[in-house]
$ cat input.pdb   # PDB, C-alpha atoms
MODEL        1
ATOM      1  CA  MET A 189     -20.181 -64.300 -73.081
ATOM      2  CA  ARG A 190     -19.136 -62.671 -76.374
ATOM      3  CA  PHE A 191     -15.572 -63.976 -76.581
ATOM      4  CA  THR A 192     -14.470 -67.639 -76.602
ATOM      5  CA  ASN A 193     -12.950 -68.798 -73.314
ATOM      6  CA  ALA A 194     -13.221 -65.310 -71.829
ATOM      7  CA  GLU A 195     -12.724 -64.596 -68.138
ATOM      8  CA  VAL A 196     -15.794 -62.645 -67.006
ATOM      9  CA  ILE A 197     -16.425 -60.125 -64.227
ATOM     10  CA  ILE A 198     -19.937 -58.733 -63.659
ATOM     11  CA  LEU A 199     -20.384 -55.318 -62.044
ATOM     12  CA  ASP A 200     -23.803 -54.038 -60.981
ATOM     13  CA  LEU A 201     -23.860 -50.295 -60.282
ATOM     14  CA  ILE A 202     -26.658 -48.738 -58.261
ATOM     15  CA  ARG A 203     -27.193 -45.067 -57.543
ATOM     16  CA  HIS A 204     -28.182 -44.292 -53.954
ATOM     17  CA  GLY A 205     -31.819 -43.571 -53.094
ATOM     18  CA  GLU A 206     -33.272 -40.211 -52.111
ATOM     19  CA  PRO A 207     -31.283 -38.587 -49.281
ATOM     20  CA  VAL A 208     -32.713 -36.497 -46.445
ATOM     21  CA  GLY A 209     -33.473 -33.057 -47.854
ATOM     22  CA  GLY A 210     -34.714 -34.288 -51.212
ATOM     23  CA  ARG A 211     -33.341 -33.385 -54.611
ATOM     24  CA  MET A 212     -30.460 -30.915 -54.668
ATOM     25  CA  LEU A 213     -26.901 -30.501 -55.871
ATOM     26  CA  ARG A 214     -25.486 -32.446 -52.957
ATOM     27  CA  GLY A 215     -21.999 -33.457 -54.075
ATOM     28  CA  THR A 216     -19.922 -34.447 -51.057
ATOM     29  CA  THR A 217     -22.454 -33.048 -48.557
ATOM     30  CA  ASP A 218     -22.987 -36.086 -46.365
ATOM     31  CA  HIS A 219     -26.747 -36.511 -45.983
ATOM     32  CA  PRO A 220     -28.085 -39.985 -45.066
ATOM     33  CA  LEU A 221     -30.887 -41.697 -46.963
ATOM     34  CA  SER A 222     -34.439 -40.647 -46.221
ATOM     35  CA  GLU A 223     -37.072 -43.251 -45.368
ATOM     36  CA  LEU A 224     -38.171 -43.134 -49.020
ATOM     37  CA  GLY A 225     -34.540 -43.534 -50.083
ATOM     38  CA  TRP A 226     -34.232 -46.751 -48.067
ATOM     39  CA  GLN A 227     -37.428 -48.061 -49.671
ATOM     40  CA  GLN A 228     -36.137 -47.197 -53.144
ATOM     41  CA  MET A 229     -32.894 -49.060 -52.528
ATOM     42  CA  GLN A 230     -34.584 -52.117 -51.069
ATOM     43  CA  THR A 231     -37.003 -52.310 -53.997
ATOM     44  CA  ALA A 232     -34.190 -52.009 -56.538
ATOM     45  CA  ILE A 233     -32.073 -54.635 -54.782
ATOM     46  CA  ASN A 234     -35.011 -57.043 -54.467
ATOM     47  CA  ASP A 235     -35.401 -56.907 -58.253
ATOM     48  CA  LEU A 236     -31.821 -58.179 -58.595
ATOM     49  CA  LEU A 237     -32.062 -61.050 -56.114
ATOM     50  CA  ILE A 238     -32.307 -64.592 -57.439
ATOM     51  CA  ASP A 239     -34.817 -66.666 -55.461
ATOM     52  CA  GLY A 240     -34.295 -64.247 -52.590
ATOM     53  CA  ASN A 241     -30.518 -64.601 -52.662
ATOM     54  CA  PRO A 242     -27.966 -62.016 -53.790
ATOM     55  CA  PRO A 243     -25.897 -62.848 -56.899
ATOM     56  CA  TRP A 244     -22.938 -60.802 -55.621
ATOM     57  CA  ASP A 245     -19.684 -61.954 -54.084
ATOM     58  CA  ALA A 246     -18.968 -58.578 -52.487
ATOM     59  CA  ILE A 247     -20.156 -54.970 -52.204
ATOM     60  CA  VAL A 248     -18.040 -51.893 -52.965
ATOM     61  CA  SER A 249     -19.381 -48.555 -51.719
ATOM     62  CA  SER A 250     -18.766 -44.840 -51.800
ATOM     63  CA  PRO A 251     -17.752 -43.555 -48.335
ATOM     64  CA  LEU A 252     -20.670 -41.085 -48.206
ATOM     65  CA  SER A 253     -23.414 -42.132 -45.791
ATOM     66  CA  ARG A 254     -26.203 -42.254 -48.409
ATOM     67  CA  CYS A 255     -24.277 -45.167 -49.957
ATOM     68  CA  ARG A 256     -22.226 -46.533 -47.071
ATOM     69  CA  GLU A 257     -25.015 -47.105 -44.550
ATOM     70  CA  PHE A 258     -27.137 -49.095 -46.982
ATOM     71  CA  SER A 259     -24.119 -51.077 -48.181
ATOM     72  CA  LEU A 260     -23.153 -52.082 -44.649
ATOM     73  CA  TRP A 261     -26.762 -53.040 -43.872
ATOM     74  CA  LEU A 262     -27.054 -55.112 -47.047
ATOM     75  CA  GLY A 263     -23.725 -56.807 -46.399
ATOM     76  CA  GLU A 264     -24.860 -57.786 -42.907
ATOM     77  CA  GLN A 265     -28.221 -59.037 -44.182
ATOM     78  CA  HIS A 266     -26.615 -61.369 -46.720
ATOM     79  CA  ASP A 267     -23.210 -62.018 -45.139
ATOM     80  CA  LEU A 268     -21.344 -60.208 -47.924
ATOM     81  CA  PRO A 269     -18.002 -58.427 -47.487
ATOM     82  CA  VAL A 270     -18.194 -54.639 -47.914
ATOM     83  CA  THR A 271     -15.303 -52.475 -49.103
ATOM     84  CA  ILE A 272     -15.482 -48.682 -48.744
ATOM     85  CA  GLU A 273     -13.741 -47.057 -51.708
ATOM     86  CA  PRO A 274     -12.951 -43.333 -51.180
ATOM     87  CA  ALA A 275     -12.430 -42.754 -54.918
ATOM     88  CA  LEU A 276     -16.122 -43.532 -55.517
ATOM     89  CA  ALA A 277     -17.273 -40.454 -53.566
ATOM     90  CA  GLU A 278     -19.430 -38.024 -55.508
ATOM     91  CA  MET A 279     -17.909 -35.051 -57.318
ATOM     92  CA  ASN A 280     -17.244 -32.071 -55.054
ATOM     93  CA  LEU A 281     -19.552 -29.281 -56.210
ATOM     94  CA  GLY A 282     -17.892 -26.425 -54.357
ATOM     95  CA  ALA A 283     -20.157 -23.396 -53.873
ATOM     96  CA  TRP A 284     -23.149 -25.385 -55.164
ATOM     97  CA  GLU A 285     -22.982 -28.002 -52.407
ATOM     98  CA  GLY A 286     -26.288 -28.476 -50.591
ATOM     99  CA  LYS A 287     -28.201 -26.060 -52.832
ATOM    100  CA  THR A 288     -31.284 -26.810 -54.919
ATOM    101  CA  HIS A 289     -31.111 -26.271 -58.666
ATOM    102  CA  ALA A 290     -33.200 -23.087 -58.252
ATOM    103  CA  GLU A 291     -30.869 -21.794 -55.528
ATOM    104  CA  VAL A 292     -27.850 -22.386 -57.743
ATOM    105  CA  ARG A 293     -29.459 -20.472 -60.598
ATOM    106  CA  ALA A 294     -30.133 -17.581 -58.229
ATOM    107  CA  PHE A 295     -26.582 -17.834 -56.866
ATOM    108  CA  GLU A 296     -25.138 -17.614 -60.368
ATOM    109  CA  LYS A 297     -27.244 -14.505 -61.122
ATOM    110  CA  ASP A 298     -26.518 -13.476 -64.723
ATOM    111  CA  THR A 299     -24.762 -16.692 -65.692
ATOM    112  CA  ASP A 300     -26.068 -20.257 -65.822
ATOM    113  CA  ARG A 301     -22.949 -22.284 -65.149
ATOM    114  CA  GLN A 302     -25.129 -25.187 -64.013
ATOM    115  CA  ALA A 303     -26.635 -25.492 -67.506
ATOM    116  CA  ALA A 304     -23.164 -25.063 -68.993
ATOM    117  CA  LEU A 305     -21.900 -27.966 -66.871
ATOM    118  CA  TRP A 306     -24.578 -30.313 -68.215
ATOM    119  CA  THR A 307     -24.064 -29.049 -71.766
ATOM    120  CA  ASP A 308     -20.296 -29.573 -71.828
ATOM    121  CA  PRO A 309     -18.610 -30.580 -68.542
ATOM    122  CA  SER A 310     -15.186 -30.458 -70.203
ATOM    123  CA  ARG A 311     -15.481 -26.645 -70.350
ATOM    124  CA  THR A 312     -17.131 -25.905 -66.997
ATOM    125  CA  SER A 313     -16.627 -26.885 -63.360
ATOM    126  CA  PRO A 314     -18.603 -25.847 -60.263
ATOM    127  CA  PRO A 315     -17.101 -22.714 -58.665
ATOM    128  CA  GLY A 316     -14.619 -23.826 -56.035
ATOM    129  CA  GLY A 317     -15.453 -27.461 -56.795
ATOM    130  CA  GLU A 318     -13.687 -30.433 -58.295
ATOM    131  CA  ASN A 319     -12.296 -30.111 -61.784
ATOM    132  CA  VAL A 320     -14.195 -32.453 -64.129
ATOM    133  CA  GLU A 321     -11.001 -33.844 -65.638
ATOM    134  CA  ALA A 322      -9.583 -34.623 -62.185
ATOM    135  CA  PHE A 323     -12.898 -36.220 -61.176
ATOM    136  CA  ASP A 324     -12.870 -38.389 -64.295
ATOM    137  CA  LYS A 325      -9.316 -39.559 -63.567
ATOM    138  CA  ARG A 326     -10.238 -40.359 -59.952
ATOM    139  CA  VAL A 327     -13.251 -42.456 -60.914
ATOM    140  CA  GLY A 328     -11.341 -44.019 -63.800
ATOM    141  CA  ALA A 329      -8.665 -45.235 -61.382
ATOM    142  CA  ALA A 330     -11.366 -46.695 -59.112
ATOM    143  CA  TRP A 331     -12.946 -48.398 -62.130
ATOM    144  CA  GLN A 332      -9.646 -49.990 -63.140
ATOM    145  CA  GLY A 333      -9.286 -51.227 -59.584
ATOM    146  CA  LEU A 334     -12.691 -52.917 -59.763
ATOM    147  CA  LEU A 335     -11.643 -54.676 -62.961
ATOM    148  CA  GLU A 336      -8.793 -56.330 -61.089
ATOM    149  CA  ALA A 337     -11.324 -58.575 -59.322
ATOM    150  CA  PRO A 338     -10.767 -62.298 -59.938
ATOM    151  CA  SER A 339     -12.464 -63.958 -62.897
ATOM    152  CA  GLY A 340     -16.009 -65.010 -62.082
ATOM    153  CA  SER A 341     -16.535 -62.208 -59.567
ATOM    154  CA  HIS A 342     -19.883 -60.438 -59.382
ATOM    155  CA  LEU A 343     -19.690 -57.116 -57.542
ATOM    156  CA  LEU A 344     -22.347 -54.644 -56.412
ATOM    157  CA  VAL A 345     -21.088 -51.046 -56.586
ATOM    158  CA  VAL A 346     -23.129 -48.509 -54.586
ATOM    159  CA  CYS A 347     -22.347 -44.985 -55.742
ATOM    160  CA  HIS A 348     -23.679 -41.720 -57.205
ATOM    161  CA  LEU A 349     -25.100 -40.115 -60.344
ATOM    162  CA  PHE A 350     -21.915 -38.391 -61.517
ATOM    163  CA  VAL A 351     -19.795 -41.420 -60.542
ATOM    164  CA  THR A 352     -22.017 -43.800 -62.530
ATOM    165  CA  ASN A 353     -21.814 -41.426 -65.485
ATOM    166  CA  ALA A 354     -18.023 -41.345 -65.235
ATOM    167  CA  VAL A 355     -17.838 -45.150 -65.192
ATOM    168  CA  LEU A 356     -20.119 -45.406 -68.229
ATOM    169  CA  ARG A 357     -17.961 -42.828 -70.012
ATOM    170  CA  GLN A 358     -14.969 -45.093 -69.413
ATOM    171  CA  VAL A 359     -16.809 -48.118 -70.784
ATOM    172  CA  LEU A 360     -18.262 -46.328 -73.821
ATOM    173  CA  GLU A 361     -15.044 -44.341 -74.427
ATOM    174  CA  GLN A 362     -17.025 -41.142 -74.877
ATOM    175  CA  PRO A 363     -15.311 -37.720 -74.894
ATOM    176  CA  LEU A 364     -15.158 -35.838 -71.602
ATOM    177  CA  SER A 365     -17.851 -33.502 -72.921
ATOM    178  CA  ARG A 366     -20.289 -36.449 -72.609
ATOM    179  CA  ILE A 367     -19.406 -37.462 -69.048
ATOM    180  CA  LEU A 368     -22.915 -36.469 -67.854
ATOM    181  CA  ALA A 369     -24.905 -38.143 -70.642
ATOM    182  CA  PHE A 370     -27.126 -40.236 -68.311
ATOM    183  CA  ASP A 371     -29.699 -38.599 -66.020
ATOM    184  CA  LEU A 372     -30.473 -41.654 -63.900
ATOM    185  CA  PRO A 373     -33.144 -41.584 -61.171
ATOM    186  CA  TYR A 374     -32.554 -42.519 -57.552
ATOM    187  CA  ALA A 375     -31.762 -46.226 -57.066
ATOM    188  CA  ALA A 376     -31.293 -46.741 -60.816
ATOM    189  CA  THR A 377     -29.124 -49.714 -61.702
ATOM    190  CA  CYS A 378     -26.950 -50.803 -64.580
ATOM    191  CA  ARG A 379     -24.906 -53.897 -65.326
ATOM    192  CA  ILE A 380     -21.508 -54.032 -66.987
ATOM    193  CA  ARG A 381     -19.831 -57.266 -68.064
ATOM    194  CA  HIS A 382     -16.054 -57.187 -68.413
ATOM    195  CA  GLU A 383     -14.441 -59.959 -70.433
ATOM    196  CA  ARG A 384     -10.733 -60.811 -70.612
ATOM    197  CA  HIS A 385     -10.041 -62.750 -73.794
ATOM    198  CA  ALA A 386      -7.409 -63.637 -76.393
ATOM    199  CA  LEU A 387      -7.770 -60.265 -78.137
ATOM    200  CA  GLY A 388      -7.491 -58.216 -74.924
ATOM    201  CA  GLU A 389     -10.235 -56.923 -72.643
ATOM    202  CA  THR A 390     -13.726 -55.640 -73.427
ATOM    203  CA  SER A 391     -16.375 -54.011 -71.232
ATOM    204  CA  LEU A 392     -19.985 -54.453 -72.380
ATOM    205  CA  VAL A 393     -23.082 -52.697 -71.027
ATOM    206  CA  GLU A 394     -25.833 -55.286 -70.508
ATOM    207  CA  TRP A 395     -28.508 -52.838 -69.377
ATOM    208  CA  ILE A 396     -28.994 -49.373 -67.860
ATOM    209  CA  GLY A 397     -31.746 -48.085 -65.589
ATOM    210  CA  ARG A 398     -33.427 -51.400 -64.921
TER
ENDMDL
END
$ encode --input "input.pdb" --output "structure tokens"
Amino acid sequence: MRFTNAEVIILDLIRHGEPVGGRMLRGTTDHPLSELGWQQMQTAINDLLIDGNPPWDAIVSSPLSRCREFSLWLGEQHDLPVTIEPALAEMNLGAWEGKTHAEVRAFEKDTDRQAALWTDPSRTSPPGGENVEAFDKRVGAAWQGLLEAPSGSHLLVVCHLFVTNAVLRQVLEQPLSRILAFDLPYAATCRIRHERHALGETSLVEWIGR
């Protein structure tokens, strides 16, 4: 705790494991986890258990099956309440949905909008997909909702690569051009500690990609 007499909330974010179909620009395409994806998630979660027990009071999950199914299973295993939060769904990638990176490059032909998105998302959005600014506002609202948890709460948030990036952008107060600064692998985790104190409220990143 960095601030005297602070009220603390701990939020552990985990990206889903590998879905069926392997690596692609999946967006809101609702593929379940592959067998490897389940193993990746179980391994990552086991690293966070304390003497075999979960440190969390509750689980909050994206509605997409690659997050939701594991969250419901984990909640049942450890008798934890699970909330499905629609605003934590991955960014809609429009015409790129369900395509590999190579297929998107071929689809774009003479342009490389995919590279432009990673370079500066504030200037580029997937064709027919979700506007980056609107996506950031959606995830930001979900993030503020998570911070309304009671003091002492420890939540596990099961979500996506772009969603995790958007949350970290909120915490680090980076410009929208840096909303995709973290290229986290499947089942990567990070921990954020939010403290309410006499000077206001502060979110601190404890670790990323553990």
$ atom_distance --input "input.pdb" --atom1 "CA of Cys378 in chain A" --atom2 "CA of Leu221 in chain A"
20.2 Å
$ residues_around --input "input.pdb" --residues "range 329-338 of chain A" --least-positions-apart "5" --cutoff "7 Å" --atoms "only C-alpha atoms" --output "list of chain:residue names"
A:Ala275, A:Leu276, A:Val355
$ closest_residue --input "input.pdb" --among "A:Ala277, A:Val393, A:Leu368, A:Ala232" --to "Arg190 in chain A" --atoms "all atoms listed in the file"
A:Val393
$ residues_around --input "input.pdb" --residues "range 197-211 of chain A" --least-positions-apart "5" --cutoff "8 Å" --atoms "all atoms listed in the file" --output "tab-separated table (two decimals) with C-alpha atoms, in the frame of the given file"
chain	number	residue	atom	x	y	z
A	219	HIS	CA	-26.75	-36.51	-45.98
A	220	PRO	CA	-28.08	-39.98	-45.07
A	221	LEU	CA	-30.89	-41.70	-46.96
A	222	SER	CA	-34.44	-40.65	-46.22
A	224	LEU	CA	-38.17	-43.13	-49.02
A	225	GLY	CA	-34.54	-43.53	-50.08
A	226	TRP	CA	-34.23	-46.75	-48.07
A	227	GLN	CA	-37.43	-48.06	-49.67
A	228	GLN	CA	-36.14	-47.20	-53.14
A	229	MET	CA	-32.89	-49.06	-52.53
A	254	ARG	CA	-26.20	-42.25	-48.41
A	255	CYS	CA	-24.28	-45.17	-49.96
A	288	THR	CA	-31.28	-26.81	-54.92
A	335	LEU	CA	-11.64	-54.68	-62.96
A	337	ALA	CA	-11.32	-58.58	-59.32
A	338	PRO	CA	-10.77	-62.30	-59.94
A	339	SER	CA	-12.46	-63.96	-62.90
A	340	GLY	CA	-16.01	-65.01	-62.08
A	341	SER	CA	-16.54	-62.21	-59.57
A	342	HIS	CA	-19.88	-60.44	-59.38
A	343	LEU	CA	-19.69	-57.12	-57.54
A	344	LEU	CA	-22.35	-54.64	-56.41
A	345	VAL	CA	-21.09	-51.05	-56.59
A	346	VAL	CA	-23.13	-48.51	-54.59
A	347	CYS	CA	-22.35	-44.98	-55.74
A	348	HIS	CA	-23.68	-41.72	-57.20
A	349	LEU	CA	-25.10	-40.12	-60.34
A	352	THR	CA	-22.02	-43.80	-62.53
A	372	LEU	CA	-30.47	-41.65	-63.90
A	373	PRO	CA	-33.14	-41.58	-61.17
A	374	TYR	CA	-32.55	-42.52	-57.55
A	375	ALA	CA	-31.76	-46.23	-57.07
A	376	ALA	CA	-31.29	-46.74	-60.82
A	377	THR	CA	-29.12	-49.71	-61.70
A	378	CYS	CA	-26.95	-50.80	-64.58
A	379	ARG	CA	-24.91	-53.90	-65.33
A	380	ILE	CA	-21.51	-54.03	-66.99
A	381	ARG	CA	-19.83	-57.27	-68.06
A	382	HIS	CA	-16.05	-57.19	-68.41
A	383	GLU	CA	-14.44	-59.96	-70.43
$ resolve_selection --input "input.pdb" --expression "the PyMOL selection byres ((chain A and resi 363) around 12)" --output "PyMOL selection string"
chain A and resi 308-311+321+324+354+356-362+364-369
$ resolve_selection --input "input.pdb" --expression "the PyMOL selection byres ((chain A and resi 270-274) around 7)" --output "count of residues only"
14
$ atom_distance --input "input.pdb" --atom1 "CA of His266 in chain A" --atom2 "CA of Thr231 in chain A"
15.6 Å
$ closest_residue --input "input.pdb" --among "A:Gly282, A:Pro242, A:Pro315, A:Gly388" --to "Glu296 in chain A" --atoms "only C-alpha atoms"
A:Pro315
$ residues_near_point --input "input.pdb" --point "(-8.7, -59.5, -76.1)" --cutoff "12 Å" --atoms "all atoms listed in the file" --output "PyMOL selection string"
chain A and resi 190-196+382-391
$ atom_distance --input "input.pdb" --atom1 "CA of Trp284 in chain A" --atom2 "CA of Arg256 in chain A"
22.7 Å
$ axis_aligned_box --input "input.pdb" --around "range 357-374 of chain A" --padding-each-side "6 Å" --output "JSON"
{"center_x": -24.1, "center_y": -40.8, "center_z": -66.2, "size_x": 30.2, "size_y": 26.6, "size_z": 29.3}
$ residues_around --input "input.pdb" --residues "Gly317 in chain A" --least-positions-apart "2" --cutoff "9 Å" --atoms "all atoms listed in the file" --output "JSON, numbers by chain"
{"A": [279, 280, 281, 282, 283, 284, 285, 313, 314, 315, 319, 320]}
$ closest_residue --input "input.pdb" --among "A:Met189, A:Glu278, A:Thr217, A:Val327" --to "Phe350 in chain A" --atoms "all atoms listed in the file"
A:Glu278
$ decode --input "input.pdb" --residues "range 374-385 of chain A" --atoms "all heavy atoms" --output "JSON list (two decimals), in the first residue's frame"
[["chain", "number", "residue", "atom", "x", "y", "z"],
["A", 374, "TYR", "N", -1.01, -15.35, -25.21],
["A", 374, "TYR", "CA", -2.18, -16.01, -24.65],
["A", 374, "TYR", "C", -1.97, -16.33, -23.17],
["A", 374, "TYR", "O", -0.88, -16.75, -22.75],
["A", 374, "TYR", "CB", -2.47, -17.32, -25.40],
["A", 374, "TYR", "CG", -3.01, -17.13, -26.80],
["A", 374, "TYR", "CD1", -2.49, -17.86, -27.86],
["A", 374, "TYR", "CD2", -4.05, -16.24, -27.06],
["A", 374, "TYR", "CE1", -2.99, -17.71, -29.15],
["A", 374, "TYR", "CE2", -4.56, -16.09, -28.34],
["A", 374, "TYR", "CZ", -4.02, -16.81, -29.38],
["A", 374, "TYR", "OH", -4.51, -16.67, -30.66],
["A", 375, "ALA", "N", -3.02, -16.12, -22.38],
["A", 375, "ALA", "CA", -3.04, -16.41, -20.94],
["A", 375, "ALA", "C", -2.07, -15.55, -20.15],
["A", 375, "ALA", "O", -1.75, -15.87, -19.01],
["A", 375, "ALA", "CB", -2.78, -17.90, -20.68],
["A", 376, "ALA", "N", -1.61, -14.44, -20.73],
["A", 376, "ALA", "CA", -0.76, -13.51, -19.98],
["A", 376, "ALA", "C", -1.60, -12.81, -18.91],
["A", 376, "ALA", "O", -2.80, -12.58, -19.09],
["A", 376, "ALA", "CB", -0.15, -12.47, -20.92],
["A", 377, "THR", "N", -0.97, -12.49, -17.81],
["A", 377, "THR", "CA", -1.67, -11.87, -16.69],
["A", 377, "THR", "C", -1.01, -10.55, -16.30],
["A", 377, "THR", "O", 0.16, -10.31, -16.60],
["A", 377, "THR", "CB", -1.67, -12.80, -15.46],
["A", 377, "THR", "OG1", -0.31, -13.15, -15.14],
["A", 377, "THR", "CG2", -2.46, -14.07, -15.73],
["A", 378, "CYS", "N", -1.78, -9.72, -15.65],
["A", 378, "CYS", "CA", -1.22, -8.51, -15.05],
["A", 378, "CYS", "C", -2.05, -8.18, -13.80],
["A", 378, "CYS", "O", -3.20, -8.61, -13.68],
["A", 378, "CYS", "CB", -1.19, -7.34, -16.03],
["A", 378, "CYS", "SG", -2.79, -6.76, -16.58],
["A", 379, "ARG", "N", -1.44, -7.45, -12.91],
["A", 379, "ARG", "CA", -2.13, -7.08, -11.66],
["A", 379, "ARG", "C", -2.11, -5.57, -11.50],
["A", 379, "ARG", "O", -1.06, -4.93, -11.65],
["A", 379, "ARG", "CB", -1.49, -7.75, -10.45],
["A", 379, "ARG", "CG", -2.08, -7.30, -9.10],
["A", 379, "ARG", "CD", -1.64, -8.20, -7.96],
["A", 379, "ARG", "NE", -2.21, -9.54, -8.12],
["A", 379, "ARG", "CZ", -1.89, -10.59, -7.33],
["A", 379, "ARG", "NH1", -0.98, -10.43, -6.38],
["A", 379, "ARG", "NH2", -2.45, -11.76, -7.54],
["A", 380, "ILE", "N", -3.27, -5.02, -11.19],
["A", 380, "ILE", "CA", -3.42, -3.60, -10.94],
["A", 380, "ILE", "C", -3.99, -3.41, -9.54],
["A", 380, "ILE", "O", -4.95, -4.08, -9.15],
["A", 380, "ILE", "CB", -4.36, -2.95, -11.98],
["A", 380, "ILE", "CG1", -3.78, -3.13, -13.39],
["A", 380, "ILE", "CG2", -4.58, -1.48, -11.67],
["A", 380, "ILE", "CD1", -4.74, -2.78, -14.49],
["A", 381, "ARG", "N", -3.37, -2.52, -8.79],
["A", 381, "ARG", "CA", -3.84, -2.20, -7.43],
["A", 381, "ARG", "C", -4.41, -0.79, -7.43],
["A", 381, "ARG", "O", -3.72, 0.17, -7.79],
["A", 381, "ARG", "CB", -2.68, -2.30, -6.44],
["A", 381, "ARG", "CG", -3.12, -2.16, -4.98],
["A", 381, "ARG", "CD", -1.97, -2.37, -4.00],
["A", 381, "ARG", "NE", -1.03, -1.25, -4.00],
["A", 381, "ARG", "CZ", 0.17, -1.26, -4.56],
["A", 381, "ARG", "NH1", 0.60, -2.34, -5.22],
["A", 381, "ARG", "NH2", 0.97, -0.21, -4.48],
["A", 382, "HIS", "N", -5.66, -0.67, -7.05],
["A", 382, "HIS", "CA", -6.31, 0.64, -7.01],
["A", 382, "HIS", "C", -6.48, 1.06, -5.55],
["A", 382, "HIS", "O", -7.04, 0.31, -4.75],
["A", 382, "HIS", "CB", -7.68, 0.58, -7.70],
["A", 382, "HIS", "CG", -8.35, 1.91, -7.81],
["A", 382, "HIS", "ND1", -7.96, 2.87, -8.73],
["A", 382, "HIS", "CD2", -9.37, 2.46, -7.09],
["A", 382, "HIS", "CE1", -8.72, 3.94, -8.59],
["A", 382, "HIS", "NE2", -9.57, 3.72, -7.60],
["A", 383, "GLU", "N", -5.99, 2.24, -5.24],
["A", 383, "GLU", "CA", -6.03, 2.73, -3.86],
["A", 383, "GLU", "C", -6.85, 4.02, -3.79],
["A", 383, "GLU", "O", -6.63, 4.96, -4.55],
["A", 383, "GLU", "CB", -4.62, 2.97, -3.33],
["A", 383, "GLU", "CG", -3.76, 1.70, -3.33],
["A", 383, "GLU", "CD", -2.44, 1.87, -2.59],
["A", 383, "GLU", "OE1", -2.24, 2.93, -1.96],
["A", 383, "GLU", "OE2", -1.62, 0.94, -2.64],
["A", 384, "ARG", "N", -7.82, 4.04, -2.87],
["A", 384, "ARG", "CA", -8.57, 5.26, -2.55],
["A", 384, "ARG", "C", -7.95, 5.84, -1.28],
["A", 384, "ARG", "O", -7.86, 5.15, -0.26],
["A", 384, "ARG", "CB", -10.04, 4.94, -2.33],
["A", 384, "ARG", "CG", -10.72, 4.23, -3.49],
["A", 384, "ARG", "CD", -12.22, 4.11, -3.22],
["A", 384, "ARG", "NE", -12.87, 3.26, -4.22],
["A", 384, "ARG", "CZ", -13.42, 2.08, -3.94],
["A", 384, "ARG", "NH1", -13.37, 1.60, -2.71],
["A", 384, "ARG", "NH2", -13.99, 1.37, -4.90],
["A", 385, "HIS", "N", -7.58, 7.10, -1.34],
["A", 385, "HIS", "CA", -6.83, 7.68, -0.22],
["A", 385, "HIS", "C", -7.20, 9.15, -0.05],
["A", 385, "HIS", "O", -8.04, 9.69, -0.79],
["A", 385, "HIS", "CB", -5.33, 7.53, -0.46],
["A", 385, "HIS", "CG", -4.90, 7.94, -1.83],
["A", 385, "HIS", "ND1", -4.67, 9.25, -2.19],
["A", 385, "HIS", "CD2", -4.68, 7.20, -2.96],
["A", 385, "HIS", "CE1", -4.31, 9.31, -3.47],
["A", 385, "HIS", "NE2", -4.32, 8.08, -3.96]]
